[in-house]
Amino acid sequence: MPSYEKSKASGLWSVRFREVSPQDGKTKNKRLSGFKTKKEAQYGYEDYVSAKKTAAEQPQEVVPSSSPADMPFSSLVEEYLQFKRSRIKEPSFYDVQKKVSTKIAPFFGDTPIKEISPSMILKWQNSLEGYSYAYRKTLMTHLSLIYNYAERYYDIPNVIRKVDKPRNLEPKKEMLFWSPEEFSSFISCVERKDYAMLFRFLYLSGCRKGEALALTWQDVDLAKGTVSISKSFSNKAHDEGKSYTITTPKNTSSNRTVHLPRFFCDMLKEYRDWQQQSTDSINFVFGGADPLPPSNIDRTLAKAADAAGVKRIRIHDLRHSCASLLIHKGVSIVAVSRHLGHSTVEQTLNTYSHMLPDDQTMILNTLSTLEGKLGT
């Protein structure tokens with residue numbers, strides 16, 4: 001059956017299908033493109049089929065003569081990645097492509113899909129020993145999505161459902177964060193002003209690193225004390241001539257306005273004045289003509305932590321530190337969720353519920369205030 005797709009880049013429609021070559025009898029992929037509407041693409045496909053029949057002087061369907069399950073796994077992966085590319089952000093696509101192309105496709109190779117059994121998938125799972133549970137789970141999810149595509153568009157049985165998911169035998173990792181005292185010790189050991197301002201911003205705003213690096217001064221309103229989050233930095237996929245790209249945020253809820261305390265806005269103003277004197281371009285808040293290099297950020301974070309004598313944390317743990325500070329100061333979980341740009345409050349609860357005060361203690365303390373007010 002033909003499938004129709006609209007290109008996000010050009011806005012034009014294309015049609016994909018498979019046909020049997022009269023020369024060697026092999027089933028091959030075919031694509032017709034350049035149609036302004038889906039209807040034109042349908043007509044284009046019908047005209048192509050009609051022309052084929054006329055040329056052969058006999059009816060001939062442009063469909064594979066063999067079962068879709070005869071398709072090599074490598075061909076399925078190629079089609080799946082083409083399908084996926086037009087449906088997710090470019091940096092996300094490159095991440096998916098890398099994982100699928102290096103950790104899934106090589107194992108199954110050109111094996112016909114019908115010959116891939118649950119036991120073969122289990123062997124693939126076992127070949128991933130040594131990787132973290134989270135990484136193995138992610139790869140299993142990608143393989144499941146490939147089979148979901150095959151089931152939906154080719155009616156190929158989804159054998160993934162028969163395979164057990166990898167088990168997590170790793171001890172739960174403790175969430176790391178810095179208290180205000182630890183952060184104060186750390187920041188005193190950061191020598192460069194631009195890196196120090198980035199770390200302060202991340203600690204106060206709870207923003208993701210990519211959101212901070214994408215900020216330009218046009219996004220900052222020092223008079224109102226607000227920062228508009230509407231972009232994200234990525235070095236997984238990049239524009240020609242650059243080592244990074246500026247793309248949309250992680251999700252729609254990530255688009256938000258973050259309010260900053262007045263003392264930090266004053267610090268930002270002084271920092272901008274210093275930046276104007278120190279760099280040729282001040283397009284990006286944390287950088288100049290280009291954002292600060294992520295690898296240098298991580299090295300600076302680790303070096304200053306060691307110098308301050310505080311535990312090492314990841315750059316993303318500054319976001320956790322912000323959440324921890326707000327929760328322990330009694331800020332509602334709903335407000336924390338909005339501040340962090342989470343898609344749902346449930347996501348915030350799943351991440352930080354262990355930081356919340358004990359519910360039963362709060363209930364008893366509240367009810368205890370009624371002592372002597374309920375009569376005898």
# chains A, B, ... in the order shown; residues from 1 in each chain; ligands from 1

$ residues_around --residues "Tyr352 (chain A)" --least-positions-apart "2" --cutoff "10 Å" --atoms "only C-alpha atoms" --output "number ranges by chain"
A: 175, 320, 323-324, 327, 333, 346-350, 354-356

$ residues_around --residues "region 182-191 of chain A" --least-positions-apart "6" --cutoff "7 Å" --atoms "only C-alpha atoms" --output "list in words"
Ala304, Ala305, Ala307, Ala308 and Val310 of chain A

$ write_last_selection --atoms "N, CA and C atoms" --output "PDB file, in the first residue's frame"
ATOM      1  N   ALA A 304      35.941  23.717  40.117  1.00  0.00           N
ATOM      2  CA  ALA A 304      35.576  24.613  41.213  1.00  0.00           C
ATOM      3  C   ALA A 304      35.013  23.837  42.395  1.00  0.00           C
ATOM      4  N   ALA A 305      34.277  22.753  42.119  1.00  0.00           N
ATOM      5  CA  ALA A 305      33.735  21.920  43.198  1.00  0.00           C
ATOM      6  C   ALA A 305      34.872  21.312  44.012  1.00  0.00           C
ATOM      7  N   ALA A 307      37.932  22.476  44.251  1.00  0.00           N
ATOM      8  CA  ALA A 307      38.642  23.549  44.956  1.00  0.00           C
ATOM      9  C   ALA A 307      37.881  24.000  46.200  1.00  0.00           C
ATOM     10  N   ALA A 308      36.530  23.932  46.128  1.00  0.00           N
ATOM     11  CA  ALA A 308      35.702  24.366  47.257  1.00  0.00           C
ATOM     12  C   ALA A 308      35.537  23.272  48.305  1.00  0.00           C
ATOM     13  N   VAL A 310      33.467  20.722  48.014  1.00  0.00           N
ATOM     14  CA  VAL A 310      32.091  20.220  48.037  1.00  0.00           C
ATOM     15  C   VAL A 310      31.982  19.037  47.080  1.00  0.00           C
TER      16      VAL A 310
END

$ residues_around --residues "Ala223 (chain A)" --least-positions-apart "4" --cutoff "10 Å" --atoms "only C-alpha atoms" --output "list in words"
Arg262, Cys265 and Asp266 of chain A

$ select_by_dssp --residues "region 57-125 of chain A" --states "helix (DSSP H, G or I)" --output "JSON, numbers by chain"
{"A": [68, 69, 70, 73, 74, 75, 76, 77, 78, 79, 80, 81, 82, 83, 84, 85, 90, 91, 92, 93, 94, 95, 96, 97, 98, 99, 100, 101, 102, 103, 104, 105, 106, 107, 108, 113, 114, 115, 118, 119, 120, 121, 122, 123, 124, 125]}

$ closest_residue --among "A:Phe108, A:Phe35, A:Tyr94, A:Phe177" --to "Ser75 (chain A)" --atoms "only C-alpha atoms"
A:Phe108

$ select_by_dssp --residues "region 96-317 of chain A" --states "strand (DSSP E)" --output "ChimeraX atom specification"
/A:220-221,226-229,232-234,245-247,256-259

$ residues_around --residues "Thr257 (chain A)" --least-positions-apart "6" --cutoff "7 Å" --atoms "only C-alpha atoms" --output "count of residues only"
4

$ residues_around --residues "Phe17 (chain A)" --least-positions-apart "5" --cutoff "12 Å" --atoms "only C-alpha atoms" --output "PyMOL selection string"
chain A and resi 1-5+27-33+42+45-46+48-49+61-64+68+79+153-154

$ residues_around --residues "Asn251 (chain A)" --least-positions-apart "3" --cutoff "12 Å" --atoms "only C-alpha atoms" --output "PyMOL selection string"
chain A and resi 88-89+92+211+229-232+247-248+254-256+340-344

$ write_last_selection --atoms "C-alpha atoms" --output "tab-separated table (two decimals), in the first residue's frame"
chain	number	residue	atom	x	y	z
A	88	ILE	CA	10.50	14.84	15.84
A	89	LYS	CA	12.90	17.73	16.38
A	92	SER	CA	16.14	14.35	18.89
A	211	GLU	CA	17.68	26.72	27.73
A	229	ILE	CA	12.44	30.77	27.77
A	230	SER	CA	11.57	29.91	24.17
A	231	LYS	CA	14.69	28.26	22.70
A	232	SER	CA	17.21	25.56	23.45
A	247	THR	CA	16.14	24.89	18.36
A	248	THR	CA	12.78	24.78	20.14
A	254	SER	CA	9.04	24.57	28.51
A	255	ASN	CA	8.02	27.86	26.89
A	256	ARG	CA	7.65	30.04	29.97
A	340	LEU	CA	10.90	24.27	36.06
A	341	GLY	CA	8.79	24.03	32.89
A	342	HIS	CA	7.62	20.46	33.50
A	343	SER	CA	4.90	19.13	31.21
A	344	THR	CA	2.76	17.96	34.16

$ closest_residue --among "A:Val20, A:Val220, A:Ile104, A:Val285" --to "Lys52 (chain A)" --atoms "only C-alpha atoms"
A:Val20

$ residues_around --residues "Lys165 (chain A)" --least-positions-apart "3" --cutoff "12 Å" --atoms "only C-alpha atoms" --output "number ranges by chain"
A: 118, 121-122, 125-126, 133-134, 136-141, 143-144, 160-162, 168

$ atom_distance --atom1 "CA of Lys98 (chain A)" --atom2 "CA of Thr252 (chain A)"
24.9 Å

$ atom_distance --atom1 "CA of Gln276 (chain A)" --atom2 "CA of Pro293 (chain A)"
19.3 Å

$ atom_distance --atom1 "CA of Leu128 (chain A)" --atom2 "CA of Lys103 (chain A)"
8.4 Å

$ closest_residue --among "A:Leu202, A:Met120, A:Val163, A:Val77" --to "Ile146 (chain A)" --atoms "only C-alpha atoms"
A:Val77

$ closest_residue --among "A:Arg200, A:Lys236, A:His339, A:Arg312" --to "His259 (chain A)" --atoms "only C-alpha atoms"
A:His339
